[in-house]
file input04.cif (mmCIF, C-alpha atoms)
data_model
loop_
_atom_site.label_atom_id
_atom_site.label_comp_id
_atom_site.auth_asym_id
_atom_site.auth_seq_id
_atom_site.Cartn_x
_atom_site.Cartn_y
_atom_site.Cartn_z
CA MET A 1 -64.15 5.20 66.35
CA GLY A 2 -61.70 3.65 63.86
CA THR A 3 -59.17 5.13 61.41
CA THR A 4 -57.57 3.81 58.23
CA GLN A 5 -54.54 5.15 56.37
CA THR A 6 -54.34 4.81 52.59
CA THR A 7 -50.89 5.44 51.12
CA ARG A 8 -49.79 6.24 47.56
CA LYS A 9 -46.08 6.35 46.71
CA PHE A 10 -44.48 7.26 43.42
CA LYS A 11 -41.07 8.32 42.10
CA ILE A 12 -39.83 10.57 39.35
CA VAL A 13 -36.39 9.51 38.15
CA ASP A 14 -35.37 13.02 37.09
CA LEU A 15 -37.62 16.03 37.47
CA ILE A 16 -35.41 18.48 35.50
CA ARG A 17 -34.81 16.89 32.10
CA TYR A 18 -32.86 19.76 30.56
CA LYS A 19 -30.48 18.01 28.21
CA ASN A 20 -28.81 20.06 25.47
CA PRO A 21 -25.70 18.72 23.64
CA LYS A 22 -24.51 22.33 23.17
CA SER A 23 -25.11 23.24 26.81
CA MET A 24 -22.50 25.19 28.77
CA ILE A 25 -23.77 23.76 32.06
CA GLU A 26 -23.86 20.31 33.56
CA VAL A 27 -27.34 19.76 35.03
CA PRO A 28 -27.43 16.84 37.49
CA LYS A 29 -30.36 14.53 38.03
CA TYR A 30 -33.10 15.65 40.44
CA PRO A 31 -34.89 12.46 41.57
CA VAL A 32 -38.20 12.89 43.41
CA GLU A 33 -39.95 10.63 45.92
CA VAL A 34 -43.56 11.40 46.86
CA VAL A 35 -45.65 9.82 49.63
CA ILE A 36 -49.35 10.74 50.00
CA ASP A 37 -51.04 9.51 53.19
CA VAL A 38 -54.82 9.92 53.51
CA THR A 39 -56.35 9.07 56.91
CA THR A 40 -60.07 8.36 57.01
CA LYS A 41 -62.30 8.06 60.11
CA SER A 42 -65.40 6.07 61.00
CA LYS A 43 -67.60 6.41 64.14
CA ILE A 44 -68.56 2.77 63.95
CA GLY A 45 -65.97 0.12 63.17
CA LYS A 46 -62.91 0.48 60.98
CA ALA A 47 -62.90 3.20 58.31
CA LYS A 48 -62.77 2.18 54.68
CA GLU A 49 -59.69 2.73 52.50
CA VAL A 50 -59.75 5.52 49.92
CA PRO A 51 -60.56 4.09 46.46
CA SER A 52 -57.59 3.85 44.09
CA SER A 53 -59.31 6.11 41.57
CA LYS A 54 -59.39 8.93 44.12
CA MET A 55 -55.74 8.27 45.05
CA ASP A 56 -54.91 8.43 41.29
CA ARG A 57 -56.40 11.93 41.17
CA LEU A 58 -54.37 13.02 44.20
CA GLU A 59 -51.21 11.69 42.54
CA ARG A 60 -52.10 13.44 39.30
CA ALA A 61 -52.51 16.73 41.16
CA ALA A 62 -49.03 16.41 42.67
CA ARG A 63 -47.44 15.43 39.33
CA THR A 64 -49.12 18.30 37.49
CA GLU A 65 -47.60 20.89 39.82
CA LEU A 66 -44.16 19.27 39.74
CA GLU A 67 -44.21 19.19 35.94
CA ARG A 68 -45.37 22.83 35.81
CA TYR A 69 -42.34 23.83 37.83
CA GLU A 70 -40.10 21.70 35.63
CA LYS A 71 -41.11 23.86 32.65
CA ILE A 72 -40.48 27.08 34.61
CA ILE A 73 -37.04 25.87 35.76
CA THR A 74 -36.12 24.66 32.25
CA GLU A 75 -36.84 28.08 30.74
CA GLU A 76 -34.65 29.72 33.39
CA LEU A 77 -31.87 27.19 32.75
CA LYS A 78 -31.89 28.11 29.05
CA LYS A 79 -31.39 31.77 29.94
CA PHE A 80 -28.54 31.03 32.34
CA ASP A 81 -26.98 28.68 29.77
CA ALA A 82 -26.98 31.41 27.10
CA LYS A 83 -25.55 33.90 29.59
CA ILE A 84 -22.68 31.56 30.47
CA ALA A 85 -21.97 30.91 26.75
CA GLU A 86 -21.63 34.66 26.21
CA THR A 87 -19.57 35.15 29.38
CA VAL A 88 -16.87 32.55 28.52
CA LYS A 89 -16.29 33.79 24.96
CA PRO A 90 -13.14 35.83 25.82
CA GLY A 91 -11.57 32.61 27.13
CA THR A 92 -9.79 34.37 30.02
CA LYS A 93 -9.52 33.20 33.64
CA LYS A 94 -11.71 36.11 34.66
CA ALA A 95 -14.39 35.02 32.18
CA ILE A 96 -14.32 31.46 33.52
CA ALA A 97 -14.59 32.73 37.11
CA GLU A 98 -17.61 34.82 36.16
CA ALA A 99 -19.18 31.81 34.46
CA GLU A 100 -18.64 29.68 37.58
CA SER A 101 -20.34 32.37 39.65
CA ILE A 102 -23.33 32.29 37.29
CA ALA A 103 -23.44 28.48 37.62
CA LYS A 104 -23.64 28.82 41.43
CA THR A 105 -26.46 31.33 41.09
CA THR A 106 -28.20 28.88 38.77
CA SER A 107 -27.93 26.13 41.39
CA THR A 108 -29.49 28.40 44.02
CA MET A 109 -32.28 29.35 41.64
CA VAL A 110 -33.11 25.70 40.95
CA LYS A 111 -33.06 24.80 44.67
CA ASN A 112 -35.43 27.64 45.55
CA ALA A 113 -37.73 26.76 42.68
CA LEU A 114 -37.83 23.12 43.77
CA ASP A 115 -38.77 24.17 47.32
CA SER A 116 -41.63 26.15 45.80
CA ALA A 117 -42.56 23.12 43.70
CA LYS A 118 -42.86 20.97 46.82
CA GLY A 119 -45.15 23.49 48.51
CA ALA A 120 -47.28 23.83 45.37
CA ALA A 121 -47.62 20.06 44.96
CA GLU A 122 -48.64 19.60 48.63
CA LYS A 123 -51.26 22.33 48.31
CA ALA A 124 -52.57 20.84 45.08
CA VAL A 125 -53.10 17.48 46.82
CA GLU A 126 -54.98 19.17 49.70
CA THR A 127 -57.18 21.15 47.29
CA THR A 128 -57.97 18.02 45.29
CA LEU A 129 -58.92 16.10 48.48
CA LYS A 130 -61.34 18.84 49.50
CA LYS A 131 -63.02 18.60 46.09
CA GLU A 132 -63.21 14.82 46.41
CA ALA A 133 -64.78 15.19 49.91
CA LYS A 134 -67.84 17.01 48.56
CA GLY A 135 -70.68 14.51 48.58
CA ASP A 136 -68.37 11.74 49.89
CA ARG A 137 -69.05 10.89 53.56
CA LEU A 138 -65.83 8.85 53.75
CA LEU A 139 -63.65 11.86 53.05
CA THR A 140 -65.62 14.41 55.11
CA GLU A 141 -63.19 14.22 58.01
CA ALA A 142 -60.22 12.80 56.07
CA ARG A 143 -56.77 14.23 56.57
CA VAL A 144 -53.95 14.17 54.01
CA LYS A 145 -50.19 14.40 54.51
CA THR A 146 -47.88 14.71 51.50
CA GLY A 147 -44.18 14.06 51.87
CA ILE A 148 -41.97 15.14 48.95
CA LYS A 149 -38.24 14.52 48.86
CA ILE A 150 -36.18 16.03 46.02
CA THR A 151 -32.49 15.20 45.92
CA THR A 152 -30.56 18.28 44.78
CA SER A 153 -27.01 18.65 43.45
CA VAL A 154 -24.81 21.49 42.31
CA ILE A 155 -24.96 22.73 38.72
CA SER A 156 -21.45 23.05 37.25
CA LEU A 157 -19.84 24.28 34.05
CA GLY A 158 -20.09 21.71 31.27
CA ALA A 159 -17.43 20.12 29.08
CA ASN A 160 -18.44 22.43 26.23
CA VAL A 161 -17.05 25.39 28.18
CA ALA A 162 -13.55 23.89 28.00
CA LYS A 163 -14.00 23.25 24.29
CA LEU A 164 -15.28 26.75 23.65
CA VAL A 165 -12.39 28.29 25.61
CA GLY A 166 -10.10 26.27 23.35
CA THR A 167 -11.44 28.23 20.36
CA ALA A 168 -11.71 31.59 22.13
CA GLY A 169 -10.88 34.50 19.87
CA ALA A 170 -10.58 32.22 16.86
CA ASP A 171 -12.54 33.05 13.72
CA VAL A 172 -13.69 29.48 13.24
CA SER A 173 -16.26 30.36 10.56
CA SER A 174 -13.56 31.76 8.28
CA TYR A 175 -11.35 28.70 8.88
CA LEU A 176 -14.26 26.45 7.98
CA SER A 177 -14.85 28.46 4.80
CA ILE A 178 -11.23 27.94 3.72
CA ALA A 179 -11.37 24.24 4.62
CA LYS A 180 -14.56 23.85 2.56
CA THR A 181 -12.87 25.55 -0.41
CA ILE A 182 -9.91 23.16 -0.16
CA TYR A 183 -12.27 20.21 0.19
CA GLY A 184 -14.25 21.32 -2.87
CA LEU A 185 -11.03 21.60 -4.89
CA GLY A 186 -10.05 18.16 -3.65
CA LYS A 187 -13.29 16.66 -4.95
CA GLU A 188 -12.71 18.29 -8.34
CA ILE A 189 -9.14 16.97 -8.45
CA GLN A 190 -10.50 13.52 -7.61
CA GLN A 191 -12.66 13.62 -10.74
CA GLN A 192 -9.81 15.05 -12.82
CA LEU A 193 -7.55 12.20 -11.75
CA LYS A 194 -10.03 9.77 -13.26
CA GLY A 195 -10.05 11.81 -16.48
CA GLU A 196 -6.25 11.98 -16.52
CA GLU A 197 -6.00 8.21 -16.38
CA LYS A 198 -8.36 7.79 -19.34
CA LEU A 199 -6.67 10.48 -21.46
CA ARG A 200 -3.27 8.94 -20.69
CA LYS A 201 -4.50 5.58 -21.99
CA ASP A 202 -5.99 7.24 -25.08
CA LEU A 203 -2.70 8.96 -25.84
CA ASN A 204 -0.62 5.82 -25.32
CA SER A 205 -3.00 3.74 -27.42
CA GLY A 206 -2.95 6.37 -30.17
CA VAL A 207 0.87 6.46 -30.26
CA LYS A 208 1.16 2.67 -30.38
CA ALA A 209 -1.46 2.46 -33.14
CA PHE A 210 0.45 5.09 -35.10
CA LEU A 211 3.74 3.19 -34.80
CA LYS A 212 2.08 -0.03 -35.91
CA LEU A 213 0.45 1.68 -38.90
CA ARG A 214 3.71 3.32 -39.91
CA GLU A 215 5.51 -0.04 -39.95
CA SER A 216 2.82 -1.66 -42.10
CA THR A 217 2.75 1.35 -44.46
CA LEU A 218 6.55 1.17 -44.93
CA THR A 219 6.22 -2.51 -45.78
CA GLN A 220 3.47 -1.74 -48.30
CA ALA A 221 5.61 1.01 -49.83
CA ALA A 222 8.48 -1.45 -50.37
CA LYS A 223 6.20 -3.97 -52.07
CA ARG A 224 4.67 -1.30 -54.30
CA ASN A 225 8.19 -0.66 -55.60
CA GLY A 226 8.83 -4.37 -56.20
CA LEU A 227 10.94 -4.95 -53.08
CA THR A 228 9.84 -8.16 -51.38
CA ASP A 229 13.06 -8.97 -49.54
CA LEU A 230 13.11 -6.79 -46.41
CA SER A 231 15.89 -8.69 -44.66
CA GLY A 232 18.39 -6.36 -43.05
CA ILE A 233 15.93 -3.46 -43.10
CA ASP A 234 14.95 -2.07 -39.70
CA ILE A 235 11.34 -0.97 -40.14
CA LYS A 236 11.37 0.59 -36.66
CA LYS A 237 13.70 3.32 -37.99
CA PRO A 238 11.66 4.86 -40.86
CA MET A 239 14.28 7.06 -42.58
CA ASP A 240 17.02 4.45 -42.24
CA ALA A 241 14.58 1.84 -43.59
CA ILE A 242 13.83 3.95 -46.67
CA LYS A 243 17.57 4.44 -47.34
CA SER A 244 18.12 0.67 -47.05
CA MET A 245 15.19 0.06 -49.41
CA LEU A 246 16.68 2.40 -51.99
CA LYS A 247 20.01 0.57 -51.86
CA LYS A 248 18.30 -2.78 -52.30
CA LEU A 249 16.17 -1.51 -55.16
CA ALA A 250 19.25 -0.11 -56.90
CA ALA A 251 21.09 -3.40 -56.44
CA THR A 252 18.25 -5.52 -57.82
CA LYS A 253 17.78 -3.24 -60.81
CA ASN A 254 14.08 -3.94 -60.55
CA GLU A 255 12.11 -3.05 -63.67
CA MET A 256 9.66 -1.04 -61.61
CA THR A 257 12.43 1.44 -60.90
CA LYS A 258 13.52 1.93 -64.51
CA GLY A 259 13.69 5.53 -65.52
CA LYS A 260 13.51 6.72 -61.92
CA SER A 261 16.37 8.18 -60.01
CA PRO A 262 17.02 7.08 -56.40
CA LYS A 263 15.85 10.55 -55.34
CA GLU A 264 12.55 10.13 -57.15
CA ILE A 265 12.04 6.67 -55.72
CA GLY A 266 12.86 7.93 -52.20
CA ALA A 267 10.40 10.80 -52.59
CA SER A 268 7.77 8.35 -53.77
CA LEU A 269 8.33 6.06 -50.81
CA ILE A 270 8.18 8.92 -48.30
CA ASP A 271 5.09 10.40 -49.98
CA PHE A 272 3.26 7.05 -49.79
CA VAL A 273 4.13 6.52 -46.12
CA VAL A 274 3.27 10.10 -45.15
CA LYS A 275 -0.14 9.92 -46.84
CA GLY A 276 -0.80 6.56 -45.20
CA VAL A 277 -0.12 7.69 -41.64
CA LYS A 278 -1.28 11.29 -41.83
CA SER A 279 -4.78 10.68 -40.45
CA LYS A 280 -3.41 8.63 -37.54
CA LEU A 281 -0.95 11.41 -36.73
CA LYS A 282 -3.87 13.81 -36.45
CA ASP A 283 -5.48 11.43 -33.93
CA VAL A 284 -2.28 11.32 -31.89
CA GLU A 285 -1.97 15.10 -31.86
CA LYS A 286 -5.63 15.44 -30.86
CA ALA A 287 -5.08 13.03 -27.93
CA ARG A 288 -1.87 14.82 -26.92
CA THR A 289 -3.61 18.20 -26.95
CA ALA A 290 -6.55 16.87 -24.92
CA TYR A 291 -4.17 15.41 -22.34
CA ARG A 292 -2.11 18.61 -22.16
CA ASN A 293 -5.21 20.77 -21.64
CA HIS A 294 -6.52 18.42 -18.96
CA ILE A 295 -3.38 18.39 -16.84
CA THR A 296 -3.07 22.17 -17.25
CA LYS A 297 -6.53 22.54 -15.65
CA MET A 298 -5.57 20.05 -12.96
CA ARG A 299 -2.39 21.94 -12.23
CA GLN A 300 -4.39 25.15 -11.80
CA LYS A 301 -6.62 23.40 -9.23
CA ILE A 302 -3.57 22.06 -7.39
CA ASP A 303 -2.07 25.56 -7.27
CA LYS A 304 -5.32 26.86 -5.75
CA VAL A 305 -5.12 24.16 -3.06
CA ALA A 306 -1.63 25.38 -2.17
CA VAL A 307 -2.85 28.99 -1.94
CA GLU A 308 -5.76 28.04 0.34
CA ALA A 309 -3.54 25.80 2.48
CA ASP A 310 -1.17 28.76 2.93
CA LYS A 311 -4.09 30.93 4.07
CA LEU A 312 -5.24 28.35 6.58
CA MET A 313 -1.72 27.71 7.87
CA LYS A 314 -1.16 31.43 8.50
CA ALA A 315 -4.53 31.64 10.24
CA MET A 316 -3.57 28.74 12.51
CA LYS A 317 -0.32 30.47 13.49
CA ALA A 318 -2.26 33.62 14.36
CA ALA A 319 -4.97 31.74 16.31
CA LYS A 320 -3.00 31.31 19.53
CA THR A 321 -6.12 30.42 21.53
CA LEU A 322 -7.16 27.59 19.22
CA LYS A 323 -6.22 24.29 20.85
CA GLU A 324 -6.18 22.36 17.58
CA GLY A 325 -4.28 25.11 15.74
CA VAL A 326 -0.86 23.43 15.78
CA LYS A 327 -2.28 20.11 14.60
CA ILE A 328 -4.26 21.75 11.79
CA GLY A 329 -1.25 23.84 10.77
CA ALA A 330 0.91 20.71 10.58
CA GLU A 331 -1.69 19.02 8.39
CA CYS A 332 -1.69 22.06 6.09
CA MET A 333 2.06 21.54 5.72
CA GLN A 334 1.28 17.97 4.69
CA VAL A 335 -1.12 19.27 2.04
CA LYS A 336 1.56 21.60 0.68
CA GLY A 337 4.04 18.72 0.63
CA ARG A 338 1.60 16.63 -1.39
CA VAL A 339 1.16 19.54 -3.79
CA ARG A 340 4.93 19.66 -4.35
CA ALA A 341 5.01 15.93 -5.03
CA LEU A 342 2.24 16.28 -7.58
CA ASP A 343 4.01 19.21 -9.18
CA GLY A 344 6.97 16.92 -9.77
CA LYS A 345 4.68 14.62 -11.67
CA PHE A 346 3.47 17.52 -13.80
CA VAL A 347 7.08 18.25 -14.77
CA GLU A 348 7.48 14.60 -15.84
CA ALA A 349 4.26 14.76 -17.82
CA ASP A 350 5.40 17.93 -19.58
CA LYS A 351 8.58 16.18 -20.65
CA HIS A 352 6.53 13.33 -22.04
CA LEU A 353 4.32 15.70 -24.01
CA GLU A 354 7.40 17.34 -25.48
CA GLY A 355 8.52 13.85 -26.49
CA MET A 356 5.22 13.27 -28.20
CA GLN A 357 5.74 16.49 -30.13
CA ASP A 358 9.05 15.10 -31.39
CA LEU A 359 7.09 12.15 -32.74
CA LEU A 360 5.07 14.47 -34.95
CA LYS A 361 8.08 16.11 -36.54
CA ALA A 362 8.40 15.51 -40.29
CA ASN A 363 5.17 13.49 -40.17
CA GLY A 364 6.73 11.06 -37.74
CA MET A 365 9.43 9.87 -40.15
CA GLU A 366 12.50 10.98 -38.21
CA ILE A 367 11.99 9.25 -34.88
CA ASP A 368 12.96 5.75 -33.80
CA ASP A 369 10.06 3.56 -32.66
CA ARG A 370 12.12 2.18 -29.78
CA THR A 371 12.76 5.68 -28.47
CA VAL A 372 9.03 6.34 -28.47
CA ILE A 373 8.29 3.11 -26.59
CA GLU A 374 10.85 4.07 -23.94
CA LYS A 375 9.13 7.43 -23.57
CA LEU A 376 5.77 5.69 -23.13
CA LYS A 377 7.20 3.47 -20.39
CA ALA A 378 8.65 6.52 -18.63
CA PHE A 379 5.31 8.27 -18.96
CA ASP A 380 3.44 5.41 -17.28
CA LYS A 381 5.72 5.79 -14.27
CA ALA A 382 4.76 9.48 -14.04
CA THR A 383 1.16 8.65 -13.02
CA PHE A 384 -0.63 11.12 -10.74
CA VAL A 385 -2.86 8.57 -9.02
CA SER A 386 -0.66 7.79 -6.00
CA GLU A 387 0.29 11.37 -5.19
CA GLY A 388 -3.26 12.51 -5.95
CA SER A 389 -4.69 10.01 -3.45
CA ASP A 390 -2.21 11.19 -0.80
CA LEU A 391 -3.24 14.80 -1.39
CA LEU A 392 -6.94 13.97 -1.12
CA SER A 393 -6.31 12.12 2.15
CA SER A 394 -4.57 15.17 3.64
CA ILE A 395 -7.33 17.49 2.40
CA LYS A 396 -9.99 15.31 4.08
CA THR A 397 -8.02 15.33 7.34
CA VAL A 398 -7.79 19.14 7.37
CA HIS A 399 -11.51 19.45 6.60
CA GLY A 400 -12.32 16.97 9.36
CA PHE A 401 -10.26 18.82 11.98
CA ILE A 402 -11.81 22.20 11.17
CA SER A 403 -15.31 20.70 11.06
CA GLU A 404 -14.88 19.28 14.56
CA VAL A 405 -13.75 22.67 15.90
CA ALA A 406 -16.68 24.36 14.16
CA LYS A 407 -19.19 21.98 15.79
CA VAL A 408 -18.19 23.28 19.22
CA VAL A 409 -19.15 26.87 18.47
CA ALA A 410 -22.03 26.16 16.07
#

call {"tool": "encode", "arguments": {"input": "input04.cif", "output": "structure tokens"}}
result
Amino acid sequence: MGTTQTTRKFKIVDLIRYKNPKSMIEVPKYPVEVVIDVTTKSKIGKAKEVPSSKMDRLERAARTELERYEKIITEELKKFDAKIAETVKPGTKKAIAEAESIAKTTSTMVKNALDSAKGAAEKAVETTLKKEAKGDRLLTEARVKTGIKITTSVISLGANVAKLVGTAGADVSSYLSIAKTIYGLGKEIQQQLKGEEKLRKDLNSGVKAFLKLRESTLTQAAKRNGLTDLSGIDIKKPMDAIKSMLKKLAATKNEMTKGKSPKEIGASLIDFVVKGVKSKLKDVEKARTAYRNHITKMRQKIDKVAVEADKLMKAMKAAKTLKEGVKIGAECMQVKGRVRALDGKFVEADKHLEGMQDLLKANGMEIDDRTVIEKLKAFDKATFVSEGSDLLSSIKTVHGFISEVAKVVA
């Protein structure tokens, strides 16, 4: 009588593949090694080996049972995970201790389940062999031995527990709501900054075009009254220029002025210039009004940012259990600082707009061109772009911090 042993070995890298990024537990790997030995007998000569197809079916039977238990264990792990998440919410030492106790219970549960899985897999192999033996003389007296080794480790509390404890008692959803409001305002301000830059250019261009037109109109007015020599006349000072023109006209005793008093000639000159530049003045005032309205709306948005930053800062001071609270509060202070810097720019812009109003007085005849140019230069230095970019950077930082905290408890 001869015997032959046919062996099938296979490994499972990790039987319990419970991986959840939000998990409160750290589930180790559970590698499995399985050895199936089937011994066949023969009364005459050496027994034949078991065909690989039959060994495949024995392996499949073992795998099926192991996988069935994986699903059972995974469902239990989900329940324990949820229970631990609820237990650690208070963030106290007692809560952590209770969570650790649950983790130990979870480890025991998994170990017991895996022991059951081994028994079930062994039985499944035996049952399958008996089925294979029906009508197969080779397997009539065959014996099977299944060896299953599962390496077990302890389940511990995960890194997310520490993160969650760091936000214990904190109303993260309300913080995120405030941060989103600030972020939304920041995006609106970003668009308004682009509009401010364009309206600023429109206003400056309009003022410069007006000054140029006024100079050319004064020159035309002089020529209309027969004055071709403009030497010594400062066209950039309209009223002084008209007075100088009158003196020159009186001195030349030009025929075009006969029968007209200096007062009449002066009124004629002013009337011609005023009519010539009136439409351009309307354009300047329209641009000034558009710019003023735009920065008023922007200022209202900036004020809202300050209000929301105050809310968030107070919330951070009250949230003593929030690990990132101090950092977020400090960044809110940065936001408020940026708001103050921008407010300074608004004050400068207001001064400029008042200067533009001076330009419109008496149809723009009483102001010195050089004074206006100086005001334009000062206005260009009062740009919001730099401070606006700084504010947006701080707003994004605050939103990023709160978003990261919110992810932990989502």

call {"tool": "residues_around", "arguments": {"input": "input04.cif", "residues": "Leu376 in chain A", "least_positions_apart": "3", "cutoff": "9 Å", "atoms": "only C-alpha atoms", "output": "VMD selection string"}}
result
chain A and resid 204 207 352 371 to 373 379 to 381

call {"tool": "residues_around", "arguments": {"input": "input04.cif", "residues": "Lys280 in chain A", "least_positions_apart": "4", "cutoff": "12 Å", "atoms": "all atoms listed in the file", "output": "count of residues only"}}
result
23

call {"tool": "closest_residue", "arguments": {"input": "input04.cif", "among": "A:Ile295, A:Ala103, A:Val305, A:Leu312", "to": "Asp350 in chain A", "atoms": "all atoms listed in the file"}}
result
A:Ile295

call {"tool": "resolve_selection", "arguments": {"input": "input04.cif", "expression": "the PyMOL selection byres ((chain A and resi 390-398) around 8)", "output": "short mmCIF file (atom, residue, chain, number, x, y, z; two decimals) with C-alpha atoms, keeping the file's coordinate frame"}}
result
data_model
loop_
_atom_site.label_atom_id
_atom_site.label_comp_id
_atom_site.auth_asym_id
_atom_site.auth_seq_id
_atom_site.Cartn_x
_atom_site.Cartn_y
_atom_site.Cartn_z
CA ALA A 179 -11.37 24.24 4.62
CA ILE A 182 -9.91 23.16 -0.16
CA TYR A 183 -12.27 20.21 0.19
CA GLY A 186 -10.05 18.16 -3.65
CA LYS A 187 -13.29 16.66 -4.95
CA GLN A 190 -10.50 13.52 -7.61
CA ILE A 328 -4.26 21.75 11.79
CA GLU A 331 -1.69 19.02 8.39
CA CYS A 332 -1.69 22.06 6.09
CA GLN A 334 1.28 17.97 4.69
CA VAL A 335 -1.12 19.27 2.04
CA ARG A 338 1.60 16.63 -1.39
CA VAL A 339 1.16 19.54 -3.79
CA SER A 386 -0.66 7.79 -6.00
CA GLU A 387 0.29 11.37 -5.19
CA GLY A 388 -3.26 12.51 -5.95
CA SER A 389 -4.69 10.01 -3.45
CA HIS A 399 -11.51 19.45 6.60
CA GLY A 400 -12.32 16.97 9.36
CA PHE A 401 -10.26 18.82 11.98
CA ILE A 402 -11.81 22.20 11.17
#

call {"tool": "resolve_selection", "arguments": {"input": "input04.cif", "expression": "the PyMOL selection byres ((chain A and resi 197) around 10)", "output": "PyMOL selection string"}}
result
chain A and resi 192-196+198-202+291+380+383-385

call {"tool": "resolve_selection", "arguments": {"input": "input04.cif", "expression": "the PyMOL selection byres ((chain A and resi 269) around 9)", "output": "list of chain:residue names"}}
result
A:Leu218, A:Ala221, A:Ala222, A:Arg224, A:Asn225, A:Ile242, A:Glu264, A:Ile265, A:Gly266, A:Ala267, A:Ser268, A:Ile270, A:Asp271, A:Phe272, A:Val273, A:Val274

call {"tool": "residues_around", "arguments": {"input": "input04.cif", "residues": "range 132-147 of chain A", "least_positions_apart": "5", "cutoff": "12 Å", "atoms": "only C-alpha atoms", "output": "MDAnalysis selection string"}}
result
chainID A and resid 3:11 32:43 46:51 53:59 61:62 118:127

call {"tool": "closest_residue", "arguments": {"input": "input04.cif", "among": "A:Arg17, A:Lys131, A:Lys180, A:Lys149", "to": "Lys71 in chain A", "atoms": "all atoms listed in the file"}}
result
A:Arg17

call {"tool": "atom_distance", "arguments": {"input": "input04.cif", "atom1": "CA of Ala159 in chain A", "atom2": "CA of Val110 in chain A"}}
result
20.4 Å

call {"tool": "atom_distance", "arguments": {"input": "input04.cif", "atom1": "CA of Ser107 in chain A", "atom2": "CA of Ser153 in chain A"}}
result
7.8 Å

call {"tool": "atom_distance", "arguments": {"input": "input04.cif", "atom1": "CA of Lys111 in chain A", "atom2": "CA of Glu65 in chain A"}}
result
15.8 Å

call {"tool": "closest_residue", "arguments": {"input": "input04.cif", "among": "A:Ile25, A:Met109, A:Leu157, A:Ala85", "to": "Ile72 in chain A", "atoms": "all atoms listed in the file"}}
result
A:Met109

call {"tool": "closest_residue", "arguments": {"input": "input04.cif", "among": "A:Thr181, A:Thr151, A:Asn112, A:Ser23", "to": "Lys311 in chain A", "atoms": "all atoms listed in the file"}}
result
A:Thr181

call {"tool": "closest_residue", "arguments": {"input": "input04.cif", "among": "A:Asp229, A:Asp283, A:Glu215, A:Asp234", "to": "Lys248 in chain A", "atoms": "all atoms listed in the file"}}
result
A:Asp229

call {"tool": "build_atoms", "arguments": {"input": "input04.cif", "residues": "range 294-307 of chain A", "atoms": "N, CA and C atoms", "output": "JSON list (two decimals), keeping the file's coordinate frame"}}
result
[["chain", "number", "residue", "atom", "x", "y", "z"],
["A", 294, "HIS", "N", -5.96, 18.98, -20.19],
["A", 294, "HIS", "CA", -6.52, 18.42, -18.96],
["A", 294, "HIS", "C", -5.57, 18.60, -17.78],
["A", 295, "ILE", "N", -4.31, 18.28, -17.97],
["A", 295, "ILE", "CA", -3.38, 18.39, -16.84],
["A", 295, "ILE", "C", -3.07, 19.86, -16.52],
["A", 296, "THR", "N", -3.23, 20.73, -17.52],
["A", 296, "THR", "CA", -3.07, 22.17, -17.25],
["A", 296, "THR", "C", -4.16, 22.63, -16.28],
["A", 297, "LYS", "N", -5.41, 22.19, -16.54],
["A", 297, "LYS", "CA", -6.53, 22.54, -15.65],
["A", 297, "LYS", "C", -6.32, 21.93, -14.26],
["A", 298, "MET", "N", -5.82, 20.71, -14.23],
["A", 298, "MET", "CA", -5.57, 20.05, -12.96],
["A", 298, "MET", "C", -4.49, 20.79, -12.17],
["A", 299, "ARG", "N", -3.48, 21.22, -12.88],
["A", 299, "ARG", "CA", -2.39, 21.94, -12.23],
["A", 299, "ARG", "C", -2.90, 23.26, -11.62],
["A", 300, "GLN", "N", -3.81, 23.91, -12.31],
["A", 300, "GLN", "CA", -4.39, 25.15, -11.80],
["A", 300, "GLN", "C", -5.16, 24.89, -10.50],
["A", 301, "LYS", "N", -5.89, 23.76, -10.44],
["A", 301, "LYS", "CA", -6.62, 23.40, -9.23],
["A", 301, "LYS", "C", -5.65, 23.11, -8.09],
["A", 302, "ILE", "N", -4.57, 22.40, -8.41],
["A", 302, "ILE", "CA", -3.57, 22.06, -7.39],
["A", 302, "ILE", "C", -2.94, 23.33, -6.83],
["A", 303, "ASP", "N", -2.65, 24.29, -7.71],
["A", 303, "ASP", "CA", -2.07, 25.56, -7.27],
["A", 303, "ASP", "C", -3.03, 26.29, -6.32],
["A", 304, "LYS", "N", -4.33, 26.22, -6.62],
["A", 304, "LYS", "CA", -5.32, 26.86, -5.75],
["A", 304, "LYS", "C", -5.35, 26.21, -4.38],
["A", 305, "VAL", "N", -5.18, 24.88, -4.35],
["A", 305, "VAL", "CA", -5.12, 24.16, -3.06],
["A", 305, "VAL", "C", -3.96, 24.69, -2.23],
["A", 306, "ALA", "N", -2.81, 24.87, -2.88],
["A", 306, "ALA", "CA", -1.63, 25.38, -2.17],
["A", 306, "ALA", "C", -1.88, 26.77, -1.60],
["A", 307, "VAL", "N", -2.55, 27.62, -2.39],
["A", 307, "VAL", "CA", -2.85, 28.99, -1.94],
["A", 307, "VAL", "C", -3.76, 28.96, -0.71]]
